[in-house]
>>> print(open('coords_2.cif').read())   # mmCIF, C-alpha atoms and all ligand atoms
data_protein
loop_
_atom_site.group_PDB
_atom_site.id
_atom_site.type_symbol
_atom_site.label_atom_id
_atom_site.label_comp_id
_atom_site.auth_asym_id
_atom_site.auth_seq_id
_atom_site.Cartn_x
_atom_site.Cartn_y
_atom_site.Cartn_z
ATOM 1 C CA MET M 12 122.381 -113.494 112.383
ATOM 2 C CA THR M 13 119.027 -115.019 112.986
ATOM 3 C CA ALA M 14 118.426 -118.548 111.865
ATOM 4 C CA PRO M 15 115.739 -118.879 109.249
ATOM 5 C CA GLY M 16 112.509 -120.104 110.687
ATOM 6 C CA PRO M 17 110.977 -123.376 109.710
ATOM 7 C CA LYS M 18 109.991 -123.488 106.092
ATOM 8 C CA ARG M 19 106.335 -122.950 105.593
ATOM 9 C CA ASN M 20 104.860 -126.149 104.303
ATOM 10 C CA SER M 21 102.604 -125.110 101.477
ATOM 11 C CA ASN M 22 100.927 -128.496 101.494
ATOM 12 C CA LEU M 23 99.800 -128.035 105.048
ATOM 13 C CA ASN M 24 96.063 -128.317 104.992
ATOM 14 C CA THR M 25 94.888 -125.680 107.412
ATOM 15 C CA VAL M 26 91.715 -124.695 105.616
ATOM 16 C CA SER M 27 88.605 -126.735 106.245
ATOM 17 C CA TYR M 28 87.420 -128.474 103.111
ATOM 18 C CA TRP M 29 84.078 -126.686 103.172
ATOM 19 C CA GLU M 30 85.832 -123.330 102.993
ATOM 20 C CA LYS M 31 87.849 -124.438 99.957
ATOM 21 C CA GLU M 32 84.914 -125.648 97.924
ATOM 22 C CA THR M 33 84.213 -123.424 94.986
ATOM 23 C CA TYR M 34 81.065 -122.876 93.055
ATOM 24 C CA ARG M 35 81.385 -121.211 89.643
ATOM 25 C CA GLY M 36 84.764 -119.867 90.683
ATOM 26 C CA LYS M 37 83.331 -118.187 93.755
ATOM 27 C CA LYS M 38 84.666 -119.035 97.167
ATOM 28 C CA GLN M 39 81.902 -120.185 99.398
ATOM 29 C CA LYS M 40 81.687 -121.318 102.934
ATOM 30 C CA TYR M 41 79.610 -124.391 103.529
ATOM 31 C CA LYS M 42 78.776 -123.796 107.151
ATOM 32 C CA SER M 43 76.093 -126.463 106.980
ATOM 33 C CA HIS M 44 78.787 -129.055 106.369
ATOM 34 C CA GLU M 45 79.939 -128.601 109.935
ATOM 35 C CA ASN M 46 76.601 -130.052 110.951
ATOM 36 C CA PHE M 47 76.734 -133.818 110.972
ATOM 37 C CA TYR M 48 76.873 -136.827 113.232
ATOM 38 C CA TYR M 49 77.248 -140.560 112.844
ATOM 39 C CA ARG M 50 74.499 -143.143 112.968
ATOM 40 C CA GLY M 51 76.633 -146.270 113.159
ATOM 41 C CA GLU M 52 78.836 -146.034 110.054
ATOM 42 C CA ILE M 53 76.562 -143.575 108.288
ATOM 43 C CA LYS M 54 77.245 -139.842 108.275
ATOM 44 C CA ILE M 55 74.025 -137.917 108.832
ATOM 45 C CA ALA M 56 73.378 -134.234 108.079
ATOM 46 C CA GLY M 57 72.135 -132.459 111.186
ATOM 47 C CA LYS M 58 72.945 -132.070 114.838
ATOM 48 C CA GLU M 59 73.217 -135.055 117.111
ATOM 49 C CA GLY M 60 70.257 -134.978 119.496
ATOM 50 C CA GLY M 61 68.402 -132.635 117.129
ATOM 51 C CA VAL M 62 64.718 -132.735 116.290
ATOM 52 C CA GLN M 63 62.721 -132.378 113.060
ATOM 53 C CA GLU M 64 59.035 -131.866 112.332
ATOM 54 C CA CYS M 65 57.408 -134.623 110.284
ATOM 55 C CA LYS M 66 55.698 -133.028 107.267
ATOM 56 C CA GLU M 67 52.857 -135.515 107.577
ATOM 57 C CA CYS M 68 51.940 -135.985 111.260
ATOM 58 C CA LYS M 69 53.441 -132.575 112.229
ATOM 59 C CA LYS M 70 55.055 -134.149 115.310
ATOM 60 C CA LEU M 71 58.406 -132.821 116.468
ATOM 61 C CA LEU M 72 60.503 -135.979 116.575
ATOM 62 C CA PRO M 73 64.132 -136.932 117.274
ATOM 63 C CA LEU M 74 66.243 -137.344 114.111
ATOM 64 C CA SER M 75 66.411 -141.084 114.802
ATOM 65 C CA ALA M 76 62.707 -141.248 113.796
ATOM 66 C CA PHE M 77 63.658 -140.359 110.189
ATOM 67 C CA SER M 78 65.395 -142.548 107.644
ATOM 68 C CA THR M 79 67.960 -141.312 105.135
ATOM 69 C CA SER M 80 67.378 -140.080 101.603
ATOM 70 C CA GLY M 81 69.966 -138.517 99.213
ATOM 71 C CA PHE M 82 73.353 -137.256 100.347
ATOM 72 C CA ARG M 83 75.127 -133.941 99.995
ATOM 73 C CA SER M 84 78.612 -133.262 98.608
ATOM 74 C CA ASP M 85 80.426 -134.065 101.865
ATOM 75 C CA GLY M 86 78.813 -137.517 101.893
ATOM 76 C CA ALA M 87 76.414 -136.799 104.764
ATOM 77 C CA TYR M 88 72.940 -138.198 104.209
ATOM 78 C CA PHE M 89 69.884 -135.970 104.374
ATOM 79 C CA LEU M 90 66.884 -137.237 106.284
ATOM 80 C CA LYS M 91 63.437 -137.787 104.825
ATOM 81 C CA LYS M 92 60.783 -135.135 105.566
ATOM 82 C CA LEU M 93 58.345 -137.802 106.743
ATOM 83 C CA CYS M 94 58.951 -139.888 109.863
ATOM 84 C CA ARG M 95 59.453 -143.639 109.355
ATOM 85 C CA GLU M 96 55.904 -144.387 110.466
ATOM 86 C CA CYS M 97 54.271 -141.866 108.100
ATOM 87 C CA HIS M 98 56.617 -142.838 105.268
ATOM 88 C CA THR M 99 55.536 -146.473 105.569
ATOM 89 C CA ILE M 100 51.843 -145.478 105.464
ATOM 90 C CA VAL M 101 52.305 -143.196 102.431
ATOM 91 C CA GLN M 102 54.313 -145.882 100.596
ATOM 92 C CA LYS M 103 51.478 -148.333 101.213
ATOM 93 C CA GLU M 104 49.007 -145.828 99.739
ATOM 94 C CA HIS M 105 51.277 -145.391 96.701
ATOM 95 C CA ARG M 106 51.495 -149.145 96.129
ATOM 96 C CA GLY M 107 47.723 -149.483 96.424
ATOM 97 C CA ALA M 108 47.166 -146.585 94.008
ATOM 98 C CA ARG M 109 49.674 -147.949 91.470
ATOM 99 C CA LYS M 110 47.797 -151.282 91.407
ATOM 100 C CA LYS M 111 44.519 -149.500 90.641
ATOM 101 C CA ALA M 112 45.936 -146.985 88.187
ATOM 102 C CA PRO M 113 44.661 -146.849 84.601
ATOM 103 C CA PRO M 114 47.261 -147.418 81.821
ATOM 104 C CA LYS M 115 49.916 -144.728 81.710
ATOM 105 C CA PRO M 116 49.042 -142.020 79.163
ATOM 106 C CA GLU M 117 51.608 -140.429 76.857
ATOM 107 C CA ARG M 118 51.282 -136.978 78.397
ATOM 108 C CA CYS M 119 50.959 -135.406 81.843
ATOM 109 C CA ASP M 120 47.305 -134.853 82.854
ATOM 110 C CA ARG M 121 48.010 -131.224 83.787
ATOM 111 C CA CYS M 122 50.725 -129.712 81.578
ATOM 112 C CA HIS M 123 50.118 -132.139 78.702
ATOM 113 C CA LEU M 124 53.837 -132.551 78.066
ATOM 114 C CA LYS M 125 55.523 -135.830 77.196
ATOM 115 C CA LYS M 126 57.500 -136.449 80.356
ATOM 116 C CA LYS M 127 58.219 -139.208 82.836
ATOM 117 C CA LEU M 128 54.928 -139.734 84.701
ATOM 118 C CA VAL M 129 53.974 -140.884 88.189
ATOM 119 C CA VAL M 130 50.629 -141.998 89.598
ATOM 120 C CA ASP M 131 49.016 -139.201 91.598
ATOM 121 C CA HIS M 132 46.725 -140.351 94.403
ATOM 122 C CA ARG M 133 44.387 -138.655 96.846
ATOM 123 C CA HIS M 134 46.167 -138.182 100.140
ATOM 124 C CA GLY M 135 45.151 -140.584 102.903
ATOM 125 C CA THR M 136 43.559 -143.014 100.416
ATOM 126 C CA THR M 137 44.590 -145.294 97.541
ATOM 127 C CA GLU M 138 42.244 -143.417 95.173
ATOM 128 C CA VAL M 139 43.958 -142.554 91.881
ATOM 129 C CA ARG M 140 43.571 -138.982 90.582
ATOM 130 C CA GLY M 141 45.649 -139.426 87.465
ATOM 131 C CA TRP M 142 49.128 -139.374 85.980
ATOM 132 C CA LEU M 143 51.389 -136.351 86.492
ATOM 133 C CA CYS M 144 54.940 -135.392 85.656
ATOM 134 C CA HIS M 145 57.262 -134.768 88.572
ATOM 135 C CA ASP M 146 56.992 -130.964 88.348
ATOM 136 C CA CYS M 147 53.173 -130.923 88.307
ATOM 137 C CA ASN M 148 52.995 -133.481 91.117
ATOM 138 C CA VAL M 149 55.341 -131.447 93.328
ATOM 139 C CA GLY M 150 53.623 -128.182 92.303
ATOM 140 C CA VAL M 151 50.123 -129.326 93.244
ATOM 141 C CA GLY M 152 51.506 -130.913 96.413
ATOM 142 C CA ASN M 153 53.271 -127.719 97.453
ATOM 143 C CA LEU M 154 50.007 -125.781 97.039
ATOM 144 C CA GLY M 155 48.432 -128.053 99.639
ATOM 145 C CA ASP M 156 47.287 -130.926 97.390
ATOM 146 C CA THR M 157 43.712 -129.546 97.651
ATOM 147 C CA LEU M 158 41.348 -127.496 95.483
ATOM 148 C CA GLU M 159 41.341 -124.775 98.171
ATOM 149 C CA GLY M 160 45.126 -124.607 98.161
ATOM 150 C CA VAL M 161 45.361 -124.364 94.372
ATOM 151 C CA LEU M 162 42.582 -121.712 94.292
ATOM 152 C CA GLN M 163 44.429 -119.642 96.887
ATOM 153 C CA GLY M 164 47.317 -119.644 94.443
ATOM 154 C CA ALA M 165 44.981 -118.529 91.631
ATOM 155 C CA ILE M 166 43.422 -115.721 93.713
ATOM 156 C CA TYR M 167 46.893 -114.579 94.712
ATOM 157 C CA LEU M 168 47.766 -114.249 90.999
ATOM 158 C CA GLU M 169 44.490 -112.560 89.990
ATOM 159 C CA ASN M 170 42.151 -110.778 92.382
ATOM 160 C CA ASP M 171 39.449 -109.963 89.813
ATOM 161 C CA GLU M 172 36.859 -112.672 90.447
ATOM 162 C CA ASN M 173 35.302 -112.367 86.977
ATOM 163 C CA LYS M 174 38.658 -112.834 85.331
ATOM 164 C CA ILE M 175 39.267 -115.940 87.425
ATOM 165 C CA ILE M 176 35.875 -117.408 86.441
ATOM 166 C CA GLU M 177 36.393 -116.518 82.780
ATOM 167 C CA THR M 178 39.819 -118.190 82.805
ATOM 168 C CA LEU M 179 38.406 -121.169 84.690
ATOM 169 C CA HIS M 180 35.875 -121.819 81.913
ATOM 170 C CA LYS M 181 38.481 -121.400 79.197
ATOM 171 C CA VAL M 182 41.010 -123.745 80.853
ATOM 172 C CA PHE M 183 38.303 -126.229 81.830
ATOM 173 C CA ASN M 184 37.088 -126.464 78.232
ATOM 174 C CA GLU M 185 40.617 -126.804 76.884
ATOM 175 C CA MET M 186 41.494 -129.596 79.308
ATOM 176 C CA PHE M 187 38.160 -131.352 78.786
ATOM 177 C CA ALA M 188 38.559 -131.166 74.989
ATOM 178 C CA ARG M 189 42.023 -132.691 75.012
ATOM 179 C CA ALA M 190 40.962 -135.488 77.410
ATOM 180 C CA LYS M 191 38.697 -136.851 74.652
HETATM 181 ZN ZN ZN M 201 55.031 -138.541 110.878
HETATM 182 ZN ZN ZN M 202 53.061 -131.943 84.047
#
>>> encode(input="coords_2.cif", output="structure tokens")
Amino acid sequence: MTAPGPKRNSNLNTVSYWEKETYRGKKQKYKSHENFYYRGEIKIAGKEGGVQECKECKKLLPLSAFSTSGFRSDGAYFLKKLCRECHTIVQKEHRGARKKAPPKPERCDRCHLKKKLVVDHRHGTTEVRGWLCHDCNVGVGNLGDTLEGVLQGAIYLENDENKIIETLHKVFNEMFARAK
């Protein structure tokens, strides 16, 4: 007669927590959660000794050149997209622009919706362009924050030049009329 083997301990935690996490009932593996290191007491998302490109100066810099922003579900902090140096400069621009900004309007200067608004400034200066909601600010920024960038988006959507010009006049008049 063979002796029964050791009882399987059902509480034994052999599955990594990131493999157990569920999202809408679906089992998912959070491979990215294996990627972290410690900066002092703080858990940082990413590989120790890794590098990241600063979105502003485009330099490839060690992760230590970036400060933390929000954190993910395993408590590891993400790093900012701008290096500390660039972040400081941009924050200074923001502060300067906020001081010069006209009174906050009720509605976003682009979409004209009543939303939470932020001061939008011309990159590299403290010149105020206007007040935008978060979505419009991020949208314009993602298209390059320039007229050229936004027009590239327009030409991508519509390649008939006459239609673009016709729409330009219509939208221009609408926005100009509501600004009054
Ligand atoms: Zn930078
Ligand atoms: Zn908006």
>>> residues_around(input="coords_2.cif", residues="Val62 (chain M)", least_positions_apart="3", cutoff="10 Å", atoms="all atoms listed in the file", output="JSON, numbers by chain")
{"M": [57, 58, 59, 65, 70, 71, 72, 73, 74, 75, 76, 77]}
>>> residues_near_ligand(input="coords_2.cif", ligand="ligand ZN 202 (chain M)", cutoff="8 Å", atoms="all atoms listed in the file", output="list in words")
Arg118, Cys119, Asp120, Arg121, Cys122, His123, Leu124, Lys126, Leu143, Cys144, His145, Asp146, Cys147 and Asn148 of chain M
>>> write_last_selection(input="coords_2.cif", atoms="C-alpha atoms", output="mmCIF file, in the frame of the given file")
data_model
loop_
_atom_site.group_PDB
_atom_site.id
_atom_site.type_symbol
_atom_site.label_atom_id
_atom_site.label_comp_id
_atom_site.auth_asym_id
_atom_site.auth_seq_id
_atom_site.Cartn_x
_atom_site.Cartn_y
_atom_site.Cartn_z
ATOM 1 C CA ARG M 118 51.282 -136.978 78.397
ATOM 2 C CA CYS M 119 50.959 -135.406 81.843
ATOM 3 C CA ASP M 120 47.305 -134.853 82.854
ATOM 4 C CA ARG M 121 48.010 -131.224 83.787
ATOM 5 C CA CYS M 122 50.725 -129.712 81.578
ATOM 6 C CA HIS M 123 50.118 -132.139 78.702
ATOM 7 C CA LEU M 124 53.837 -132.551 78.066
ATOM 8 C CA LYS M 126 57.500 -136.449 80.356
ATOM 9 C CA LEU M 143 51.389 -136.351 86.492
ATOM 10 C CA CYS M 144 54.940 -135.392 85.656
ATOM 11 C CA HIS M 145 57.262 -134.768 88.572
ATOM 12 C CA ASP M 146 56.992 -130.964 88.348
ATOM 13 C CA CYS M 147 53.173 -130.923 88.307
ATOM 14 C CA ASN M 148 52.995 -133.481 91.117
#
>>> resolve_selection(input="coords_2.cif", expression="the PyMOL selection byres (((not hetatm)) within 10 of (chain M and resi 201))", output="NGL selection string")
:M and (64-72 or 76-77 or 92-100)
>>> resolve_selection(input="coords_2.cif", expression="the PyMOL selection byres (((chain M and resi 56) around 7) and not hetatm)", output="PyMOL selection string")
chain M and resi 46-48+54-55+57+87-89
>>> atom_distance(input="coords_2.cif", atom1="CA of Val182 (chain M)", atom2="CA of Gly164 (chain M)")
15.5 Å
>>> atom_distance(input="coords_2.cif", atom1="CA of Ser84 (chain M)", atom2="CA of Gly51 (chain M)")
19.6 Å
>>> residues_around(input="coords_2.cif", residues="Arg140 (chain M)", least_positions_apart="2", cutoff="8 Å", atoms="only C-alpha atoms", output="number ranges by chain")
M: 130-133, 138, 142
>>> atom_distance(input="coords_2.cif", atom1="CA of Gln63 (chain M)", atom2="CA of Val149 (chain M)")
21.1 Å
>>> resolve_selection(input="coords_2.cif", expression="the PyMOL selection byres (((chain M and resi 108) around 10) and not hetatm)", output="CSV table (one decimal) with C-alpha atoms, in the frame of the given file")
chain,number,residue,atom,x,y,z
M,102,GLN,CA,54.3,-145.9,100.6
M,103,LYS,CA,51.5,-148.3,101.2
M,104,GLU,CA,49.0,-145.8,99.7
M,105,HIS,CA,51.3,-145.4,96.7
M,106,ARG,CA,51.5,-149.1,96.1
M,107,GLY,CA,47.7,-149.5,96.4
M,109,ARG,CA,49.7,-147.9,91.5
M,110,LYS,CA,47.8,-151.3,91.4
M,111,LYS,CA,44.5,-149.5,90.6
M,112,ALA,CA,45.9,-147.0,88.2
M,113,PRO,CA,44.7,-146.8,84.6
M,130,VAL,CA,50.6,-142.0,89.6
M,131,ASP,CA,49.0,-139.2,91.6
M,132,HIS,CA,46.7,-140.4,94.4
M,133,ARG,CA,44.4,-138.7,96.8
M,136,THR,CA,43.6,-143.0,100.4
M,137,THR,CA,44.6,-145.3,97.5
M,138,GLU,CA,42.2,-143.4,95.2
M,139,VAL,CA,44.0,-142.6,91.9
M,140,ARG,CA,43.6,-139.0,90.6
M,141,GLY,CA,45.6,-139.4,87.5
>>> residues_around(input="coords_2.cif", residues="Ile175 (chain M)", least_positions_apart="4", cutoff="8 Å", atoms="all atoms listed in the file", output="VMD selection string")
chain M and resid 165 to 166 169 to 171 179
>>> closest_residue(input="coords_2.cif", among="M:Lys115, M:His134, M:Lys127, M:Arg83", to="Val101 (chain M)", atoms="all atoms listed in the file")
M:His134
>>> residues_around(input="coords_2.cif", residues="Leu90 (chain M)", least_positions_apart="6", cutoff="6 Å", atoms="all atoms listed in the file", output="number ranges by chain")
M: 77-80
>>> write_last_selection(input="coords_2.cif", atoms="C-alpha atoms", output="PDB file, in the coordinates of the input")
ATOM      1  CA  PHE M  77      63.658-140.359 110.189  1.00  0.00           C
ATOM      2  CA  SER M  78      65.395-142.548 107.644  1.00  0.00           C
ATOM      3  CA  THR M  79      67.960-141.312 105.135  1.00  0.00           C
ATOM      4  CA  SER M  80      67.378-140.080 101.603  1.00  0.00           C
TER       5      SER M  80
END
